[in-house]
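Text of protein-v8.txt, listed as compact mmCIF, C-alpha atoms and all ligand atoms:
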```txt
# COMPACT_ATOMS: atom_id res chain seq x y z
CA MET A 239 -1.36 6.78 12.82
CA ARG A 240 -4.00 4.52 14.31
CA LEU A 241 -2.60 1.37 15.86
CA VAL A 242 -4.56 -1.49 17.39
CA LYS A 243 -3.28 -3.27 20.49
CA VAL A 244 -4.73 -6.61 21.57
CA THR A 245 -3.56 -8.19 24.82
CA THR A 246 -4.12 -11.72 26.09
CA ASP A 247 -4.63 -13.18 29.57
CA ASP A 248 -1.19 -14.77 29.42
CA GLY A 249 0.54 -11.48 28.69
CA LEU A 250 1.01 -11.55 24.91
CA VAL A 251 0.61 -8.29 23.01
CA GLY A 252 -0.47 -8.13 19.38
CA TRP A 253 -0.13 -5.01 17.27
CA GLY A 254 -2.12 -4.03 14.22
CA GLU A 255 -2.72 -0.95 12.15
CA SER A 256 -6.12 0.42 11.17
CA THR A 257 -5.06 3.83 9.88
CA LEU A 258 -7.81 5.03 7.57
CA GLU A 259 -6.62 8.09 5.74
CA GLY A 260 -9.04 11.00 6.07
CA LYS A 261 -11.47 8.97 8.23
CA ALA A 262 -9.21 8.13 11.16
CA ARG A 263 -11.76 8.61 13.94
CA SER A 264 -14.44 6.56 12.15
CA GLY A 265 -11.99 3.67 11.77
CA MET A 266 -11.15 3.65 15.44
CA ALA A 267 -14.82 3.85 16.45
CA ALA A 268 -15.31 0.62 14.51
CA VAL A 269 -12.34 -0.98 16.32
CA ASP A 270 -13.89 0.01 19.66
CA GLU A 271 -17.20 -1.56 18.72
CA LEU A 272 -15.52 -4.77 17.56
CA ALA A 273 -13.55 -4.98 20.82
CA ASP A 274 -16.85 -5.77 22.58
CA TYR A 275 -17.03 -8.96 20.53
CA LEU A 276 -13.36 -9.96 20.85
CA ILE A 277 -12.87 -9.52 24.59
CA GLY A 278 -12.75 -12.95 26.26
CA LYS A 279 -12.38 -14.88 22.99
CA ASP A 280 -9.57 -17.26 21.95
CA PRO A 281 -7.17 -15.07 19.88
CA LEU A 282 -5.90 -18.09 17.93
CA ARG A 283 -9.24 -18.57 16.09
CA ILE A 284 -8.20 -15.94 13.56
CA GLU A 285 -10.33 -17.14 10.65
CA HIS A 286 -13.40 -17.55 12.84
CA HIS A 287 -13.06 -13.97 14.10
CA TRP A 288 -12.43 -12.69 10.57
CA GLN A 289 -15.65 -14.34 9.41
CA HIS A 290 -17.59 -13.01 12.40
CA ILE A 291 -16.40 -9.44 11.91
CA TYR A 292 -16.94 -9.52 8.13
CA ARG A 293 -20.27 -11.33 8.02
CA SER A 294 -22.15 -11.35 11.27
CA ALA A 295 -23.66 -7.90 11.42
CA PHE A 296 -25.47 -8.00 8.07
CA PHE A 297 -23.66 -5.04 6.49
CA ARG A 298 -20.36 -6.11 4.94
CA GLY A 299 -17.29 -4.36 3.63
CA GLY A 300 -16.59 -0.67 3.22
CA ALA A 301 -13.40 1.15 4.10
CA ILE A 302 -14.26 1.71 7.77
CA LEU A 303 -15.16 -1.88 8.68
CA MET A 304 -12.40 -3.39 6.52
CA SER A 305 -9.69 -1.13 7.99
CA ALA A 306 -10.83 -2.00 11.52
CA LEU A 307 -10.91 -5.70 10.60
CA SER A 308 -7.43 -5.40 9.06
CA GLY A 309 -5.85 -3.95 12.20
CA LEU A 310 -7.47 -6.57 14.43
CA ASP A 311 -6.40 -9.35 12.05
CA HIS A 312 -2.77 -8.12 12.16
CA ALA A 313 -2.86 -8.12 15.95
CA LEU A 314 -4.24 -11.67 16.09
CA TRP A 315 -1.54 -12.92 13.70
CA ASP A 316 1.08 -11.12 15.80
CA ILE A 317 -0.24 -12.91 18.89
CA ALA A 318 -0.32 -16.26 17.06
CA GLY A 319 3.31 -15.84 15.98
CA LYS A 320 4.35 -14.98 19.51
CA HIS A 321 2.30 -17.87 20.92
CA TYR A 322 3.92 -20.43 18.60
CA GLY A 323 7.34 -18.70 18.73
CA VAL A 324 7.67 -18.12 14.98
CA PRO A 325 7.50 -15.20 12.53
CA VAL A 326 4.01 -14.82 11.03
CA TYR A 327 5.13 -15.93 7.54
CA GLN A 328 5.94 -19.37 8.99
CA LEU A 329 2.26 -19.75 9.82
CA LEU A 330 1.29 -18.74 6.26
CA GLY A 331 3.00 -21.75 4.68
CA GLY A 332 6.58 -20.61 5.22
CA PRO A 333 8.69 -18.25 3.14
CA VAL A 334 8.85 -18.77 -0.62
CA ARG A 335 11.63 -16.16 -0.88
CA ASP A 336 14.60 -15.17 1.26
CA ARG A 337 14.04 -11.41 1.07
CA VAL A 338 11.36 -9.00 -0.11
CA ARG A 339 12.02 -6.40 -2.79
CA VAL A 340 10.77 -2.92 -1.92
CA TYR A 341 10.48 0.40 -3.72
CA ALA A 342 10.57 3.91 -2.31
CA HIS A 343 8.79 7.13 -3.17
CA TRP A 344 10.89 9.46 -5.26
CA GLY A 345 10.26 11.80 -8.13
CA VAL A 346 11.24 14.97 -9.95
CA HIS A 347 8.46 17.52 -9.56
CA ASP A 348 10.10 20.91 -9.56
CA ARG A 349 12.57 22.02 -12.24
CA SER A 350 13.94 24.97 -10.26
CA GLU A 351 17.57 24.69 -9.21
CA ALA A 352 16.52 24.05 -5.60
CA GLY A 353 13.84 21.55 -6.67
CA LEU A 354 16.28 19.54 -8.76
CA ALA A 355 18.83 19.60 -5.95
CA ARG A 356 16.21 18.25 -3.51
CA ALA A 357 15.25 15.46 -5.91
CA ARG A 358 18.88 14.52 -6.47
CA GLU A 359 19.58 14.57 -2.74
CA ARG A 360 16.67 12.23 -1.96
CA LEU A 361 17.67 9.82 -4.72
CA ASP A 362 21.26 9.71 -3.43
CA TYR A 363 19.98 9.19 0.12
CA LEU A 364 17.65 6.32 -0.81
CA ARG A 365 20.37 4.58 -2.78
CA LYS A 366 22.93 5.05 -0.03
CA VAL A 367 20.73 4.03 2.91
CA GLY A 368 18.72 1.19 1.38
CA GLY A 369 20.25 0.49 -2.02
CA TYR A 370 16.79 0.86 -3.59
CA THR A 371 16.55 -0.13 -7.25
CA ALA A 372 12.93 0.89 -7.85
CA PHE A 373 11.14 4.18 -7.26
CA LYS A 374 7.68 5.61 -7.71
CA GLY A 375 6.67 9.18 -8.43
CA GLY A 376 3.62 10.72 -10.05
CA PRO A 377 1.93 13.78 -11.42
CA GLY A 378 1.06 15.90 -8.38
CA GLY A 379 -1.72 18.40 -7.96
CA LYS A 380 -5.18 18.45 -9.43
CA TRP A 381 -5.95 17.47 -13.00
CA ARG A 382 -9.06 18.21 -15.02
CA ALA A 383 -10.48 15.99 -17.78
CA HIS A 384 -7.83 17.47 -20.04
CA GLU A 385 -4.95 19.90 -19.61
CA PRO A 386 -2.92 22.12 -21.97
CA PRO A 387 0.14 20.51 -23.64
CA ALA A 388 2.52 22.44 -21.36
CA ARG A 389 1.08 20.76 -18.23
CA ILE A 390 1.27 17.27 -19.72
CA ASP A 391 4.71 17.89 -21.24
CA SER A 392 6.07 19.08 -17.91
CA PHE A 393 5.13 15.82 -16.14
CA VAL A 394 6.37 13.70 -19.06
CA ALA A 395 9.69 15.59 -19.19
CA ASN A 396 10.19 15.02 -15.46
CA ALA A 397 9.56 11.30 -15.90
CA HIS A 398 12.13 11.13 -18.70
CA LEU A 399 14.61 13.08 -16.56
CA MET A 400 14.15 10.51 -13.79
CA ARG A 401 15.08 7.76 -16.27
CA GLU A 402 18.11 9.76 -17.39
CA TRP A 403 19.30 10.06 -13.80
CA VAL A 404 18.82 6.42 -12.77
CA GLY A 405 19.70 4.62 -16.02
CA PRO A 406 18.16 1.46 -17.45
CA GLU A 407 18.98 -0.87 -14.53
CA VAL A 408 16.51 0.83 -12.18
CA GLU A 409 12.74 0.50 -12.34
CA LEU A 410 10.46 3.53 -12.27
CA ALA A 411 6.72 3.64 -11.71
CA PHE A 412 4.11 6.39 -11.70
CA ASP A 413 1.02 6.78 -9.55
CA PHE A 414 -1.77 8.65 -11.33
CA HIS A 415 -3.77 8.60 -8.07
CA GLY A 416 -7.02 7.75 -9.81
CA LYS A 417 -7.51 11.31 -10.97
CA PHE A 418 -7.46 10.97 -14.76
CA THR A 419 -10.13 10.15 -17.30
CA PRO A 420 -9.37 7.04 -19.38
CA ALA A 421 -8.60 9.24 -22.42
CA LEU A 422 -6.10 11.46 -20.60
CA ALA A 423 -4.48 8.47 -18.88
CA ILE A 424 -3.99 6.72 -22.23
CA GLU A 425 -2.60 9.89 -23.83
CA ILE A 426 -0.05 10.37 -21.04
CA CYS A 427 0.91 6.69 -20.89
CA HIS A 428 1.80 6.85 -24.59
CA GLN A 429 4.13 9.75 -23.82
CA LEU A 430 5.80 7.64 -21.11
CA LYS A 431 6.24 4.41 -23.04
CA THR A 432 9.75 5.11 -24.37
CA MET A 433 11.13 5.45 -20.83
CA ARG A 434 9.70 1.98 -20.06
CA PRO A 435 7.85 2.35 -16.72
CA MET A 436 7.58 -0.65 -14.44
CA PHE A 437 3.88 0.23 -14.14
CA VAL A 438 1.40 3.07 -13.99
CA GLU A 439 -0.85 2.91 -10.95
CA GLU A 440 -4.52 3.88 -10.62
CA PRO A 441 -4.74 5.58 -14.03
CA VAL A 442 -8.47 6.05 -13.36
CA PRO A 443 -10.62 5.93 -10.20
CA GLN A 444 -11.38 2.52 -8.74
CA GLU A 445 -15.12 2.08 -9.21
CA ASN A 446 -15.36 1.18 -12.91
CA VAL A 447 -13.40 -1.91 -13.95
CA ASP A 448 -14.27 -1.49 -17.65
CA ALA A 449 -12.65 1.97 -17.63
CA LEU A 450 -9.50 0.44 -16.13
CA LYS A 451 -9.51 -2.31 -18.75
CA LEU A 452 -9.90 0.30 -21.49
CA VAL A 453 -6.67 1.92 -20.29
CA SER A 454 -4.84 -1.43 -19.94
CA ASP A 455 -5.89 -2.45 -23.44
CA HIS A 456 -4.42 0.74 -24.93
CA VAL A 457 -1.16 0.93 -22.99
CA PRO A 458 1.90 -1.16 -23.92
CA PHE A 459 3.23 -1.59 -20.35
CA PRO A 460 1.74 -2.91 -17.08
CA ILE A 461 -1.13 -1.12 -15.36
CA ALA A 462 -1.74 -1.55 -11.63
CA THR A 463 -4.57 -0.77 -9.25
CA GLY A 464 -6.16 -1.83 -5.98
CA GLU A 465 -5.15 0.29 -3.00
CA ARG A 466 -8.82 1.28 -2.52
CA LEU A 467 -10.31 -2.14 -3.26
CA LEU A 468 -11.34 -4.21 -0.28
CA SER A 469 -11.53 -7.99 0.05
CA ARG A 470 -11.54 -10.71 -2.61
CA TRP A 471 -14.99 -9.68 -3.70
CA GLU A 472 -13.88 -6.23 -4.87
CA PHE A 473 -10.93 -7.72 -6.80
CA ARG A 474 -13.00 -10.44 -8.45
CA GLU A 475 -14.14 -8.43 -11.48
CA ILE A 476 -10.60 -7.15 -12.13
CA PHE A 477 -9.36 -10.72 -12.22
CA GLU A 478 -12.17 -12.04 -14.37
CA LYS A 479 -11.75 -9.23 -16.92
CA GLN A 480 -7.91 -9.32 -16.75
CA ALA A 481 -8.24 -5.55 -16.29
CA CYS A 482 -4.68 -4.94 -15.07
CA ALA A 483 -1.29 -6.62 -14.74
CA TYR A 484 -0.59 -6.03 -11.05
CA ILE A 485 -2.76 -5.50 -7.98
CA GLN A 486 -2.04 -3.35 -4.95
CA PRO A 487 -4.26 -4.42 -2.05
CA ASP A 488 -3.52 -2.39 1.07
CA GLY A 489 -2.47 -4.43 4.11
CA ALA A 490 -4.39 -2.16 6.47
CA HIS A 491 -7.57 -1.80 4.41
CA ALA A 492 -8.22 -4.91 2.31
CA GLY A 493 -8.88 -7.26 5.24
CA GLY A 494 -5.53 -7.77 6.94
CA ILE A 495 -2.96 -10.51 6.57
CA SER A 496 -5.65 -13.18 6.15
CA GLU A 497 -7.31 -11.46 3.21
CA LEU A 498 -4.12 -10.13 1.62
CA LYS A 499 -2.90 -13.70 1.24
CA ARG A 500 -6.22 -14.91 -0.14
CA ILE A 501 -6.37 -12.05 -2.68
CA ALA A 502 -2.82 -12.90 -3.78
CA ASN A 503 -3.66 -16.60 -4.12
CA MET A 504 -6.73 -15.70 -6.18
CA ALA A 505 -4.62 -13.38 -8.41
CA GLU A 506 -2.13 -16.18 -9.05
CA VAL A 507 -4.76 -18.00 -11.12
CA TYR A 508 -4.88 -15.02 -13.52
CA TYR A 509 -1.06 -14.57 -13.70
CA ILE A 510 -1.54 -11.26 -11.91
CA HIS A 511 1.21 -10.25 -9.47
CA THR A 512 0.82 -8.43 -6.16
CA MET A 513 2.54 -5.26 -5.00
CA PRO A 514 0.81 -4.45 -1.70
CA HIS A 515 0.11 -0.79 -1.10
CA CYS A 516 1.57 0.75 2.04
CA ALA A 517 1.88 4.48 2.54
CA ILE A 518 1.11 4.45 6.26
CA GLY A 519 2.94 3.08 9.29
CA PRO A 520 5.42 0.33 10.16
CA VAL A 521 2.86 -2.14 11.53
CA ALA A 522 0.94 -2.10 8.25
CA LEU A 523 4.23 -2.54 6.38
CA ALA A 524 5.16 -5.48 8.60
CA ALA A 525 1.80 -7.13 7.85
CA CYS A 526 2.47 -6.79 4.11
CA LEU A 527 6.04 -8.12 4.34
CA HIS A 528 4.92 -11.37 5.97
CA VAL A 529 2.43 -12.03 3.17
CA ASP A 530 4.99 -10.96 0.52
CA ALA A 531 7.35 -13.56 1.95
CA ALA A 532 4.76 -16.32 1.65
CA VAL A 533 3.10 -15.83 -1.77
CA PRO A 534 4.72 -16.84 -5.06
CA ASN A 535 3.14 -14.16 -7.29
CA PHE A 536 4.60 -11.22 -5.38
CA LEU A 537 6.46 -8.58 -7.39
CA ILE A 538 7.52 -5.69 -5.15
CA GLN A 539 6.41 -4.01 -1.90
CA GLU A 540 5.58 -0.32 -1.62
CA SER A 541 7.25 1.69 1.13
CA VAL A 542 7.57 5.44 1.41
CA GLY A 543 11.23 5.21 2.40
CA PRO A 544 13.55 4.02 5.16
CA ASP A 545 12.99 7.09 7.34
CA TRP A 546 9.18 7.11 7.10
CA LEU A 547 7.57 7.53 10.55
CA ASP A 548 10.89 6.79 12.19
CA GLY A 549 10.63 6.33 15.91
CA VAL A 550 7.14 4.79 15.98
CA ALA A 551 8.48 1.26 16.06
CA GLN A 552 11.60 -0.81 16.24
CA THR A 553 11.39 -3.15 13.29
CA ALA A 554 13.08 -6.52 13.02
CA TRP A 555 14.26 -5.94 9.44
CA LYS A 556 16.12 -3.40 7.39
CA VAL A 557 16.35 -2.66 3.69
CA VAL A 558 19.62 -3.80 2.11
CA ASP A 559 20.30 -3.54 -1.64
CA GLY A 560 16.63 -2.69 -2.19
CA PHE A 561 15.34 -5.77 -0.35
CA ALA A 562 13.79 -6.02 3.13
CA GLU A 563 15.29 -8.85 5.11
CA LEU A 564 12.79 -11.33 6.51
CA PRO A 565 12.21 -10.74 10.22
CA THR A 566 13.17 -13.78 12.28
CA VAL A 567 11.61 -12.86 15.62
CA PRO A 568 8.21 -14.31 16.65
CA GLY A 569 5.11 -12.46 15.46
CA LEU A 570 5.16 -9.47 13.14
CA GLY A 571 8.56 -8.22 14.28
CA VAL A 572 7.59 -4.72 15.40
CA GLU A 573 8.05 -3.18 18.81
CA VAL A 574 5.84 -0.13 19.04
CA ASP A 575 6.80 3.01 20.94
CA GLU A 576 3.34 3.97 22.16
CA LYS A 577 4.29 7.55 23.04
CA GLU A 578 5.71 8.19 19.56
CA ALA A 579 2.70 6.56 17.92
CA ALA A 580 0.31 8.73 19.94
CA LYS A 581 2.10 11.85 18.69
CA LEU A 582 1.06 10.96 15.16
CA THR A 583 -2.66 10.95 15.87
CA GLN A 584 -3.10 14.44 14.49
CA TYR A 585 -1.01 13.63 11.44
CA THR A 586 -3.36 10.79 10.52
CA GLU A 587 -6.37 13.01 10.72
CA GLU A 588 -4.72 15.35 8.27
CA LEU A 589 -3.58 12.54 5.98
CA GLY A 590 -6.06 12.24 3.15
CA GLY A 591 -7.96 15.16 4.57
CA GLU A 592 -6.66 17.79 2.15
CA HIS A 593 -9.25 19.13 -0.22
CA TYR A 594 -8.70 20.13 -3.83
CA TYR A 595 -10.92 22.42 -5.85
CA GLU A 596 -10.70 23.45 -9.49
CA SER A 597 -10.24 27.10 -10.43
CA ASP A 598 -14.01 27.29 -11.02
CA GLY A 599 -14.75 25.98 -7.53
CA ALA A 600 -15.71 22.40 -8.49
CA VAL A 601 -14.38 19.48 -6.43
CA ALA A 602 -11.18 17.94 -7.79
CA ASP A 603 -9.71 14.53 -7.01
CA TRP A 604 -6.97 14.32 -4.40
MG MG B 1 -1.35 5.02 -4.99
```

Please express what this file holds, its structure, as structure tokens.
Amino acid sequence: MRLVKVTTDDGLVGWGESTLEGKARSGMAAVDELADYLIGKDPLRIEHHWQHIYRSAFFRGGAILMSALSGLDHALWDIAGKHYGVPVYQLLGGPVRDRVRVYAHWGVHDRSEAGLARARERLDYLRKVGGYTAFKGGPGGKWRAHEPPARIDSFVANAHLMREWVGPEVELAFDFHGKFTPALAIEICHQLKTMRPMFVEEPVPQENVDALKLVSDHVPFPIATGERLLSRWEFREIFEKQACAYIQPDGAHAGGISELKRIANMAEVYYIHTMPHCAIGPVALAACLHVDAAVPNFLIQESVGPDWLDGVAQTAWKVVDGFAELPTVPGLGVEVDEKEAAKLTQYTEELGGEHYYESDGAVADW
């Protein structure tokens, strides 16, 4: 967990999140450097500061700069909301919806008696606590360019079991984590089509848009991508090639609230819907929720679950019947417990820092 705190001369505090999985210290070094520029400036000139941070030092973009920019942008919006006495979404054009649909992480991975009991218990918990009606799982572990039928069949059978458990009223999605080749992704998607997924996410890595389009063109249900794409410029080719149905910009990586809204507005032209990625902390989730509230082409918001990183922040919303209520307090609507957040420093360094190797010693995707 890497949070950004910006304070003003008149005592306002803005919170942001710049957690960069696997590169946590690099992200915070960038925040420190950018603080030199921001100290003494008017915090309400959000767009001016965004432009300065993005453009002024010659080198643009990249996960480290964009995550630092995202956290600072959140904090400035939080301050602006508190300054004007309104929730951030009111400054983004006002809410276009009364509540924001969210999904939680859940899946069947282990067919042992204990594994199935754990999966059932989590499903029951998520339904009871938040009334979730959409869940996302995925094929865990490392995958080579192709795998024996038993490996593929095991994942496919688990997906079908998930459908059996939840019935046809609930939506299920699968995150392939960008670790398949186009051919393997297409093969597996065809095995999933009869259980009607809401979407398959990152079927292939993010660098090659034509490979993504190849998958989309051969799969009869929506394909999503975008959690590792940064700024409008990295989404442009996806839009122009209509390479997927839904995009998943990350609120803490893609350029903050400012850029998340602009990416969504750009996607609207292509009839592409947004489902912002958020698998980190509550400040990043808050940033996403405010944009979700204010853009028409929003589909659903990712969240790990209602208990994720509990204790780090008091949030001004809760999930009811699978929807997050809109916060009504000024700013982002999060009150951070700094001691609890500090405890998660180590966790963030570990997050994304696991390493996978194939049985022959070659590097495998995470
Ligand atoms: Mg993902």

- Item | Long-range neighbours of Ser264 (chain A) as a VMD selection string, 12 Å cut-off, all atoms listed in the file, 6 positions minimum in chain | chain A and resid 240 256 to 258 270 to 271 300 to 306 586 to 587

- Message: Could you check the closest approach to ligand MG 1 (chain B) for each of A:Glu475, A:Glu439, A:Asp247, A:Glu259 and tell me which residue wins, using all atoms listed in the file?
- Response: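 For ligand MG 1 (chain B), the nearest of the candidates is A:Glu439.
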
- Message: Please list as a PyMOL selection string every residue within 9 Å of region 291-299 of chain A, counting all atoms listed in the file and excluding residues in the same chain fewer than 3 positions away.
- Response: chain A and resi 272+275+286-288+302-304+307+468-469+493

- Using all atoms listed in the file, what are the residues with an atom within 7 Å of ligand MG 1 (chain B), set out as an NGL selection string? :A and (413 or 415 or 439-440 or 465)

- Task: For each of A:Gly560, A:Gly569, A:Gly319, A:Gly353, take the minimum atom-to-atom distance to Thr371 (chain A), counting all atoms listed in the file, then give the residue where this is smallest.
- Result: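 Closest to Thr371 (chain A), using all atoms listed in the file: A:Gly560.
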
- re CA of Trp546 (chain A) and CA of Ala522 (chain A): distance 12.4 Å

- Query: Neighbours of Glu573 (chain A) within 12 Å (only C-alpha atoms; same-chain residues fewer than 2 positions away dropped), as a VMD selection string?
  - Reply: chain A and resid 241 243 251 to 254 316 520 to 521 524 549 to 555 567 to 571 575 to 576 578 to 579

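Minimum distance to Glu540 (chain A) across A:His593, A:Lys374, A:Lys577, A:His491 (counting only C-alpha atoms) occurs at A:Lys374.
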
- Query: Neighbours of Gly489 (chain A) within 8 Å (all atoms listed in the file; same-chain residues fewer than 5 positions away dropped), as a PyMOL selection string?
  - Reply: chain A and resi 308+494-495+498+514-516+522-523+525-526

- Enter the distance from CA of Phe373 (chain A) to CA of Asp488 (chain A), in Å, rounded to one decimal. 18.1 Å

- Message: For a quick check of understanding, using all atoms listed in the file, which of A:Lys279, A:Arg337, A:His528, A:Arg470 has the smallest distance to Ala502 (chain A)?
- Response: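 Under the stated criterion, the closest residue is A:Arg470.
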
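Contact shell of Leu422 (chain A) at 9 Å (all atoms listed in the file; same-chain neighbours under 6 positions omitted): Ala383, His384, Glu385 and Pro441 of chain A.
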
Fix up region 313-328 of chain A with N, CA and C atoms, then write it as a PDB file, keeping the file's coordinate frame.
```
ATOM      1  N   ALA A 313      -3.183  -7.912  14.525  1.00  0.00           N
ATOM      2  CA  ALA A 313      -2.860  -8.120  15.950  1.00  0.00           C
ATOM      3  C   ALA A 313      -3.021  -9.592  16.333  1.00  0.00           C
ATOM      4  N   LEU A 314      -4.041 -10.249  15.774  1.00  0.00           N
ATOM      5  CA  LEU A 314      -4.240 -11.670  16.090  1.00  0.00           C
ATOM      6  C   LEU A 314      -3.120 -12.524  15.491  1.00  0.00           C
ATOM      7  N   TRP A 315      -2.680 -12.196  14.292  1.00  0.00           N
ATOM      8  CA  TRP A 315      -1.540 -12.920  13.700  1.00  0.00           C
ATOM      9  C   TRP A 315      -0.263 -12.678  14.511  1.00  0.00           C
ATOM     10  N   ASP A 316      -0.097 -11.441  14.983  1.00  0.00           N
ATOM     11  CA  ASP A 316       1.080 -11.120  15.800  1.00  0.00           C
ATOM     12  C   ASP A 316       1.080 -11.982  17.065  1.00  0.00           C
ATOM     13  N   ILE A 317      -0.110 -12.082  17.680  1.00  0.00           N
ATOM     14  CA  ILE A 317      -0.240 -12.910  18.890  1.00  0.00           C
ATOM     15  C   ILE A 317       0.022 -14.393  18.552  1.00  0.00           C
ATOM     16  N   ALA A 318      -0.516 -14.841  17.438  1.00  0.00           N
ATOM     17  CA  ALA A 318      -0.320 -16.260  17.060  1.00  0.00           C
ATOM     18  C   ALA A 318       1.168 -16.556  16.863  1.00  0.00           C
ATOM     19  N   GLY A 319       1.868 -15.648  16.186  1.00  0.00           N
ATOM     20  CA  GLY A 319       3.310 -15.840  15.980  1.00  0.00           C
ATOM     21  C   GLY A 319       4.051 -15.911  17.299  1.00  0.00           C
ATOM     22  N   LYS A 320       3.677 -15.011  18.203  1.00  0.00           N
ATOM     23  CA  LYS A 320       4.350 -14.980  19.510  1.00  0.00           C
ATOM     24  C   LYS A 320       3.975 -16.232  20.321  1.00  0.00           C
ATOM     25  N   HIS A 321       2.741 -16.672  20.202  1.00  0.00           N
ATOM     26  CA  HIS A 321       2.300 -17.870  20.920  1.00  0.00           C
ATOM     27  C   HIS A 321       3.073 -19.109  20.448  1.00  0.00           C
ATOM     28  N   TYR A 322       3.233 -19.244  19.142  1.00  0.00           N
ATOM     29  CA  TYR A 322       3.920 -20.430  18.600  1.00  0.00           C
ATOM     30  C   TYR A 322       5.437 -20.226  18.495  1.00  0.00           C
ATOM     31  N   GLY A 323       5.897 -18.987  18.747  1.00  0.00           N
ATOM     32  CA  GLY A 323       7.340 -18.700  18.730  1.00  0.00           C
ATOM     33  C   GLY A 323       7.947 -18.641  17.342  1.00  0.00           C
ATOM     34  N   VAL A 324       7.159 -18.205  16.352  1.00  0.00           N
ATOM     35  CA  VAL A 324       7.670 -18.120  14.980  1.00  0.00           C
ATOM     36  C   VAL A 324       7.229 -16.814  14.318  1.00  0.00           C
ATOM     37  N   PRO A 325       7.983 -16.362  13.302  1.00  0.00           N
ATOM     38  CA  PRO A 325       7.500 -15.200  12.530  1.00  0.00           C
ATOM     39  C   PRO A 325       6.186 -15.566  11.838  1.00  0.00           C
ATOM     40  N   VAL A 326       5.346 -14.569  11.600  1.00  0.00           N
ATOM     41  CA  VAL A 326       4.010 -14.820  11.030  1.00  0.00           C
ATOM     42  C   VAL A 326       4.088 -15.587   9.707  1.00  0.00           C
ATOM     43  N   TYR A 327       5.092 -15.264   8.856  1.00  0.00           N
ATOM     44  CA  TYR A 327       5.130 -15.930   7.540  1.00  0.00           C
ATOM     45  C   TYR A 327       5.279 -17.442   7.669  1.00  0.00           C
ATOM     46  N   GLN A 328       5.833 -17.916   8.800  1.00  0.00           N
ATOM     47  CA  GLN A 328       5.940 -19.370   8.990  1.00  0.00           C
ATOM     48  C   GLN A 328       4.574 -20.014   9.152  1.00  0.00           C
TER      49      GLN A 328
END
```
